[in-house]
>>> print(open('coords28.txt').read())   # compact mmCIF, C-alpha atoms
# COMPACT_ATOMS: atom_id res chain seq x y z
CA MET A 1 34.04 -2.15 -14.13
CA ARG A 2 30.99 -2.96 -16.24
CA LYS A 3 30.82 -6.39 -14.71
CA LEU A 4 30.97 -4.85 -11.28
CA VAL A 5 28.11 -2.46 -12.08
CA LEU A 6 26.04 -5.32 -13.45
CA LEU A 7 26.72 -7.40 -10.38
CA LEU A 8 25.81 -4.47 -8.16
CA LEU A 9 22.56 -3.96 -10.08
CA LEU A 10 21.79 -7.62 -9.73
CA VAL A 11 22.31 -7.44 -6.00
CA ILE A 12 20.38 -4.21 -5.52
CA SER A 13 17.44 -4.97 -7.83
CA PRO A 14 14.54 -6.45 -5.90
CA LEU A 15 13.84 -10.10 -6.41
CA LYS A 16 10.83 -10.65 -8.58
CA ALA A 17 8.23 -13.34 -8.38
CA GLU A 18 8.24 -15.93 -11.12
CA ILE A 19 4.87 -17.37 -12.02
CA TYR A 20 4.72 -20.99 -13.07
CA ASN A 21 2.02 -23.41 -13.99
CA ILE A 22 1.08 -25.80 -11.21
CA ASP A 23 2.33 -28.74 -13.32
CA GLN A 24 5.84 -27.43 -12.83
CA LEU A 25 5.66 -27.69 -9.06
CA ASP A 26 8.34 -30.07 -7.81
CA LEU A 27 8.39 -30.17 -4.03
CA LYS A 28 10.70 -33.17 -4.02
CA GLY A 29 13.25 -31.04 -5.83
CA GLN A 30 13.40 -28.84 -2.74
CA ALA A 31 14.79 -31.64 -0.56
CA GLY A 32 17.46 -30.35 1.75
CA LYS A 33 15.63 -27.08 2.25
CA VAL A 34 13.00 -26.04 4.73
CA VAL A 35 9.99 -24.98 2.66
CA TYR A 36 7.23 -22.62 3.69
CA LEU A 37 4.41 -23.62 1.34
CA ASP A 38 1.55 -21.16 1.23
CA PHE A 39 -1.82 -21.36 -0.54
CA TRP A 40 -3.32 -17.97 -1.31
CA ALA A 41 -5.79 -16.07 -3.47
CA SER A 42 -6.17 -12.42 -4.41
CA TRP A 43 -9.55 -12.04 -2.71
CA CYS A 44 -8.31 -13.35 0.61
CA LYS A 45 -7.51 -10.45 2.95
CA PRO A 46 -5.21 -12.26 5.42
CA CYS A 47 -3.18 -13.44 2.40
CA ARG A 48 -2.47 -9.79 1.65
CA GLU A 49 -1.07 -9.35 5.14
CA SER A 50 1.11 -12.44 4.86
CA PHE A 51 2.97 -11.28 1.74
CA PRO A 52 5.28 -8.64 3.27
CA TRP A 53 6.09 -11.12 6.03
CA MET A 54 6.90 -13.92 3.57
CA ASN A 55 9.08 -11.49 1.56
CA GLY A 56 10.86 -10.68 4.81
CA LEU A 57 11.49 -14.35 5.58
CA LEU A 58 13.57 -14.65 2.41
CA THR A 59 15.87 -11.87 3.55
CA ARG A 60 16.28 -13.28 7.05
CA TYR A 61 17.06 -16.91 6.33
CA PRO A 62 19.77 -18.32 4.03
CA ALA A 63 18.53 -19.16 0.53
CA ASP A 64 20.33 -22.53 0.49
CA LYS A 65 18.47 -23.69 3.57
CA PHE A 66 15.08 -22.06 3.32
CA THR A 67 12.59 -21.12 0.64
CA VAL A 68 9.06 -19.86 0.25
CA ILE A 69 6.82 -21.42 -2.37
CA THR A 70 3.29 -20.25 -2.87
CA ILE A 71 0.33 -21.61 -4.75
CA ASN A 72 -2.24 -19.22 -6.10
CA LEU A 73 -5.80 -20.49 -6.34
CA ASP A 74 -7.44 -17.65 -8.24
CA ALA A 75 -9.79 -18.90 -10.93
CA GLU A 76 -9.06 -15.70 -12.87
CA THR A 77 -5.42 -15.16 -13.79
CA GLU A 78 -5.92 -11.41 -14.17
CA GLU A 79 -6.88 -11.07 -10.53
CA MET A 80 -3.66 -12.77 -9.50
CA HIS A 81 -1.57 -10.40 -11.63
CA ARG A 82 -3.41 -7.36 -10.28
CA PHE A 83 -2.74 -8.51 -6.72
CA LEU A 84 0.95 -9.13 -7.40
CA GLU A 85 1.41 -5.73 -9.01
CA LYS A 86 -0.07 -4.07 -5.95
CA ILE A 87 1.40 -6.16 -3.15
CA GLY A 88 4.64 -7.52 -4.62
CA ALA A 89 6.21 -10.90 -4.05
CA ASP A 90 9.81 -12.05 -4.05
CA PHE A 91 9.07 -15.78 -4.16
CA ASP A 92 7.94 -18.25 -6.79
CA ILE A 93 4.25 -18.61 -7.45
CA TYR A 94 2.55 -21.65 -8.91
CA HIS A 95 -0.87 -20.98 -10.38
CA ASP A 96 -3.56 -23.59 -9.86
CA PRO A 97 -6.81 -22.14 -11.24
CA SER A 98 -8.62 -25.47 -11.05
CA GLY A 99 -7.80 -25.99 -7.37
CA ALA A 100 -6.69 -29.56 -8.04
CA ILE A 101 -3.75 -29.36 -5.65
CA ALA A 102 -5.89 -27.62 -3.04
CA GLU A 103 -8.20 -30.60 -3.27
CA GLN A 104 -5.24 -32.94 -2.72
CA PHE A 105 -4.13 -31.03 0.35
CA GLU A 106 -7.75 -30.82 1.56
CA LEU A 107 -7.49 -27.17 2.51
CA GLU A 108 -9.83 -26.09 5.26
CA GLY A 109 -9.38 -22.36 4.97
CA MET A 110 -7.60 -19.55 3.18
CA PRO A 111 -4.77 -18.98 3.47
CA THR A 112 -3.30 -22.30 4.53
CA SER A 113 0.41 -22.82 4.88
CA TYR A 114 2.59 -25.84 5.48
CA LEU A 115 6.02 -25.98 6.93
CA ILE A 116 8.04 -28.75 5.29
CA ASP A 117 11.34 -29.84 6.77
CA ALA A 118 14.55 -30.63 4.88
CA SER A 119 13.56 -34.27 4.50
CA GLY A 120 10.30 -33.29 2.77
CA LYS A 121 8.01 -34.08 5.69
CA VAL A 122 5.14 -31.74 6.51
CA VAL A 123 5.81 -30.62 10.07
CA ARG A 124 3.26 -27.87 10.62
CA LYS A 125 0.05 -26.66 9.13
CA HIS A 126 -1.40 -23.19 9.69
CA ILE A 127 -4.96 -22.39 8.77
CA GLY A 128 -5.31 -18.65 8.32
CA PHE A 129 -2.64 -16.03 8.86
CA TYR A 130 -2.47 -14.05 12.08
CA THR A 131 -0.07 -11.14 12.43
CA SER A 132 -0.06 -11.80 16.17
CA LYS A 133 1.41 -15.25 15.56
CA MET A 134 4.23 -14.19 13.22
CA GLY A 135 6.82 -14.67 15.98
CA GLU A 136 5.54 -18.19 16.59
CA TYR A 137 5.68 -19.04 12.87
CA GLU A 138 9.26 -17.80 12.71
CA ARG A 139 10.26 -19.79 15.77
CA GLU A 140 8.92 -22.93 14.10
CA ILE A 141 11.02 -22.20 11.00
CA GLU A 142 14.13 -21.52 13.08
CA GLU A 143 13.71 -24.81 14.90
CA LEU A 144 14.00 -26.64 11.58
CA LEU A 145 16.97 -24.69 10.23
CA MET B 1 -30.17 -60.68 -1.61
CA THR B 2 -32.96 -60.17 -4.07
CA ILE B 3 -32.68 -57.67 -6.87
CA ARG B 4 -35.31 -55.53 -5.20
CA TYR B 5 -33.20 -55.17 -2.08
CA GLN B 6 -30.14 -54.42 -4.15
CA TRP B 7 -31.99 -51.57 -5.81
CA LEU B 8 -33.16 -50.34 -2.44
CA LEU B 9 -29.62 -50.43 -1.13
CA LEU B 10 -28.35 -48.56 -4.18
CA ALA B 11 -31.10 -45.94 -3.84
CA SER B 12 -30.37 -45.42 -0.16
CA VAL B 13 -26.61 -45.12 -0.76
CA LEU B 14 -27.29 -42.51 -3.44
CA ALA B 15 -29.73 -40.68 -1.18
CA VAL B 16 -27.27 -40.58 1.70
CA SER B 17 -24.29 -39.51 -0.37
CA GLY B 18 -26.28 -37.09 -2.53
CA CYS B 19 -25.58 -34.09 -0.35
CA SER B 20 -22.01 -34.98 0.56
CA SER B 21 -20.36 -32.69 -1.97
CA LEU B 22 -22.55 -29.64 -1.48
CA GLY B 23 -21.05 -26.32 -0.58
CA VAL B 24 -18.19 -24.17 -1.66
CA LYS B 25 -14.60 -25.16 -1.03
CA PRO B 26 -12.45 -22.62 0.82
CA TRP B 27 -10.50 -21.77 -2.33
CA GLU B 28 -13.64 -21.34 -4.42
CA ARG B 29 -14.96 -18.32 -2.55
CA ASP B 30 -13.54 -15.76 -4.96
CA ILE B 31 -16.80 -14.84 -6.62
CA LEU B 32 -18.69 -14.87 -3.33
CA ALA B 33 -16.06 -12.60 -1.81
CA ARG B 34 -16.59 -9.88 -4.41
CA ASP B 35 -18.16 -6.64 -3.17
CA ASP B 36 -20.94 -6.85 -5.74
CA MET B 37 -22.03 -10.15 -4.21
CA LEU B 38 -23.03 -8.42 -0.99
CA MET B 39 -26.71 -8.44 -0.16
CA ASP B 40 -26.58 -4.65 0.09
CA ALA B 41 -24.12 -3.98 -2.72
CA ASP B 42 -26.39 -1.50 -4.48
CA ALA B 43 -27.82 1.14 -2.16
CA PHE B 44 -30.57 2.16 -4.58
CA ASP B 45 -31.70 -1.41 -5.11
CA LEU B 46 -31.67 -2.00 -1.37
CA ALA B 47 -33.80 1.11 -0.70
CA PHE B 48 -36.21 -0.01 -3.40
CA ASP B 49 -36.56 -3.50 -1.94
CA GLU B 50 -36.91 -2.09 1.55
CA HIS B 51 -39.72 0.20 0.40
CA ILE B 52 -41.67 -2.67 -1.13
CA TYR B 53 -41.02 -4.88 1.87
CA PHE B 54 -42.16 -2.16 4.25
CA SER B 55 -45.31 -1.53 2.22
CA LYS B 56 -46.24 -5.21 2.10
CA GLU B 57 -45.14 -6.39 5.51
CA ALA B 58 -45.38 -3.18 7.55
CA SER B 59 -41.88 -3.90 8.83
CA SER B 60 -38.38 -3.07 7.74
CA GLY B 61 -34.81 -4.30 8.16
CA GLY B 62 -33.44 -7.78 8.03
CA GLN B 63 -31.77 -7.34 4.65
CA GLY B 64 -28.20 -7.21 5.77
CA PHE B 65 -25.94 -9.18 8.02
CA ALA B 66 -24.15 -8.02 11.09
CA GLY B 67 -20.73 -9.52 11.66
CA GLY B 68 -18.74 -11.92 9.57
CA GLY B 69 -20.58 -15.13 10.30
CA CYS B 70 -18.31 -16.15 13.15
CA GLY B 71 -21.24 -16.21 15.53
CA CYS B 72 -19.53 -13.83 17.92
CA ASN B 73 -21.92 -10.87 17.68
>>> encode(input="coords28.txt", output="structure tokens")
Amino acid sequence: MRKLVLLLLLVISPLKAEIYNIDQLDLKGQAGKVVYLDFWASWCKPCRESFPWMNGLLTRYPADKFTVITINLDAETEEMHRFLEKIGADFDIYHDPSGAIAEQFELEGMPTSYLIDASGKVVRKHIGFYTSKMGEYEREIEELL
Amino acid sequence: MTIRYQWLLLASVLAVSGCSSLGVKPWERDILARDDMLMDADAFDLAFDEHIYFSKEASSGGQGFAGGGCGCN
């Protein structure tokens, strides 16, 4: 009975975001899964709008085939925590305060997201987040699944 | 190539590339995006500046920005 209650709690309790250092990011380890990789920051307003949508993606697509990974580029860690407390995230966050990885990806705007297929190839790149294009983004994901 | 030309070439390469890394990267805009970085963040300060400007130039306005810099208005 106790086990059942625990299991039930585990299922019901909302998923919580884990925050990692950017050094721990291992995109190759995600091979076999379609990855939605998103670069965001607390001060970026469209990023705020993308969070509920990204949380929703995790509930709609199977966890063994799809995942959302985000990279936070806030220089101040506190700002990131404040944002997460307010908005809430169910996916893993990698913190890159120096922007080194953003430099590697040569970001042109905030937010920027990449859709990576199961073989690890970047298939799409979105600069900015538009609520009017959410259907299109989802179609692109579904095509890869 | 004489040494003089080599120096000239070096100087011109430096001069041309000198401004190549100017500007703020998209992910570095956090401080600029803060409300207190607005030109008109402090109403009192703005009124004060406007008063001086008006007194000196006999004109007012031009302190703020309209629109978000997209060039559409």
>>> closest_residue(input="coords28.txt", among="A:Pro97, A:Gln104, A:Lys121, A:Ile116", to="Glu78 (chain A)", atoms="only C-alpha atoms")
A:Pro97
>>> closest_residue(input="coords28.txt", among="A:Glu106, A:Leu58, A:Ile87, A:Glu143", to="Lys125 (chain A)", atoms="only C-alpha atoms")
A:Glu106
>>> interface_residues(input="coords28.txt", of="chain B", to="chain A", cutoff="8 Å", atoms="all atoms listed in the file", output="list in words")
Lys25, Pro26, Trp27, Glu28, Asp30, Ala33 and Arg34 of chain B
>>> write_last_selection(input="coords28.txt", atoms="C-alpha atoms", output="PDB file, in the coordinates of the input")
ATOM      1  CA  LYS B  25     -14.600 -25.160  -1.030  1.00  0.00           C
ATOM      2  CA  PRO B  26     -12.450 -22.620   0.820  1.00  0.00           C
ATOM      3  CA  TRP B  27     -10.500 -21.770  -2.330  1.00  0.00           C
ATOM      4  CA  GLU B  28     -13.640 -21.340  -4.420  1.00  0.00           C
ATOM      5  CA  ASP B  30     -13.540 -15.760  -4.960  1.00  0.00           C
ATOM      6  CA  ALA B  33     -16.060 -12.600  -1.810  1.00  0.00           C
ATOM      7  CA  ARG B  34     -16.590  -9.880  -4.410  1.00  0.00           C
TER       8      ARG B  34
END
>>> atom_distance(input="coords28.txt", atom1="CA of Ala118 (chain A)", atom2="CA of Ala100 (chain A)")
24.9 Å
>>> closest_residue(input="coords28.txt", among="A:Thr59, A:Cys47, A:Ile71, A:Gly29", to="Phe105 (chain A)", atoms="only C-alpha atoms")
A:Ile71
>>> residues_around(input="coords28.txt", residues="Ser60 (chain B)", least_positions_apart="2", cutoff="12 Å", atoms="only C-alpha atoms", output="ChimeraX atom specification")
/B:46-58,62-64
>>> write_last_selection(input="coords28.txt", atoms="C-alpha atoms", output="PDB file, in the frame of the given file")
ATOM      1  CA  LEU B  46     -31.670  -2.000  -1.370  1.00  0.00           C
ATOM      2  CA  ALA B  47     -33.800   1.110  -0.700  1.00  0.00           C
ATOM      3  CA  PHE B  48     -36.210  -0.010  -3.400  1.00  0.00           C
ATOM      4  CA  ASP B  49     -36.560  -3.500  -1.940  1.00  0.00           C
ATOM      5  CA  GLU B  50     -36.910  -2.090   1.550  1.00  0.00           C
ATOM      6  CA  HIS B  51     -39.720   0.200   0.400  1.00  0.00           C
ATOM      7  CA  ILE B  52     -41.670  -2.670  -1.130  1.00  0.00           C
ATOM      8  CA  TYR B  53     -41.020  -4.880   1.870  1.00  0.00           C
ATOM      9  CA  PHE B  54     -42.160  -2.160   4.250  1.00  0.00           C
ATOM     10  CA  SER B  55     -45.310  -1.530   2.220  1.00  0.00           C
ATOM     11  CA  LYS B  56     -46.240  -5.210   2.100  1.00  0.00           C
ATOM     12  CA  GLU B  57     -45.140  -6.390   5.510  1.00  0.00           C
ATOM     13  CA  ALA B  58     -45.380  -3.180   7.550  1.00  0.00           C
ATOM     14  CA  GLY B  62     -33.440  -7.780   8.030  1.00  0.00           C
ATOM     15  CA  GLN B  63     -31.770  -7.340   4.650  1.00  0.00           C
ATOM     16  CA  GLY B  64     -28.200  -7.210   5.770  1.00  0.00           C
TER      17      GLY B  64
END
>>> residues_near_point(input="coords28.txt", point="(9.5, -14.1, -4.8)", cutoff="6 Å", atoms="all atoms listed in the file", output="list in words")
Lys16, Ala17, Ala89, Asp90, Phe91 and Asp92 of chain A
>>> atom_distance(input="coords28.txt", atom1="CA of Thr131 (chain A)", atom2="CA of Tyr61 (chain A)")
19.1 Å
>>> atom_distance(input="coords28.txt", atom1="CA of Leu115 (chain A)", atom2="CA of Arg82 (chain A)")
27.1 Å
>>> residues_around(input="coords28.txt", residues="Gly88 (chain A)", least_positions_apart="3", cutoff="12 Å", atoms="all atoms listed in the file", output="NGL selection string")
:A and (14-18 or 42 or 48-56 or 80-85 or 91-93)
>>> closest_residue(input="coords28.txt", among="A:Ala31, A:Ile101, A:Ile141, A:Leu57", to="Val123 (chain A)", atoms="all atoms listed in the file")
A:Ile141
>>> closest_residue(input="coords28.txt", among="A:Leu144, A:Asp38, A:Val68, A:Ser132", to="Ser119 (chain A)", atoms="all atoms listed in the file")
A:Leu144
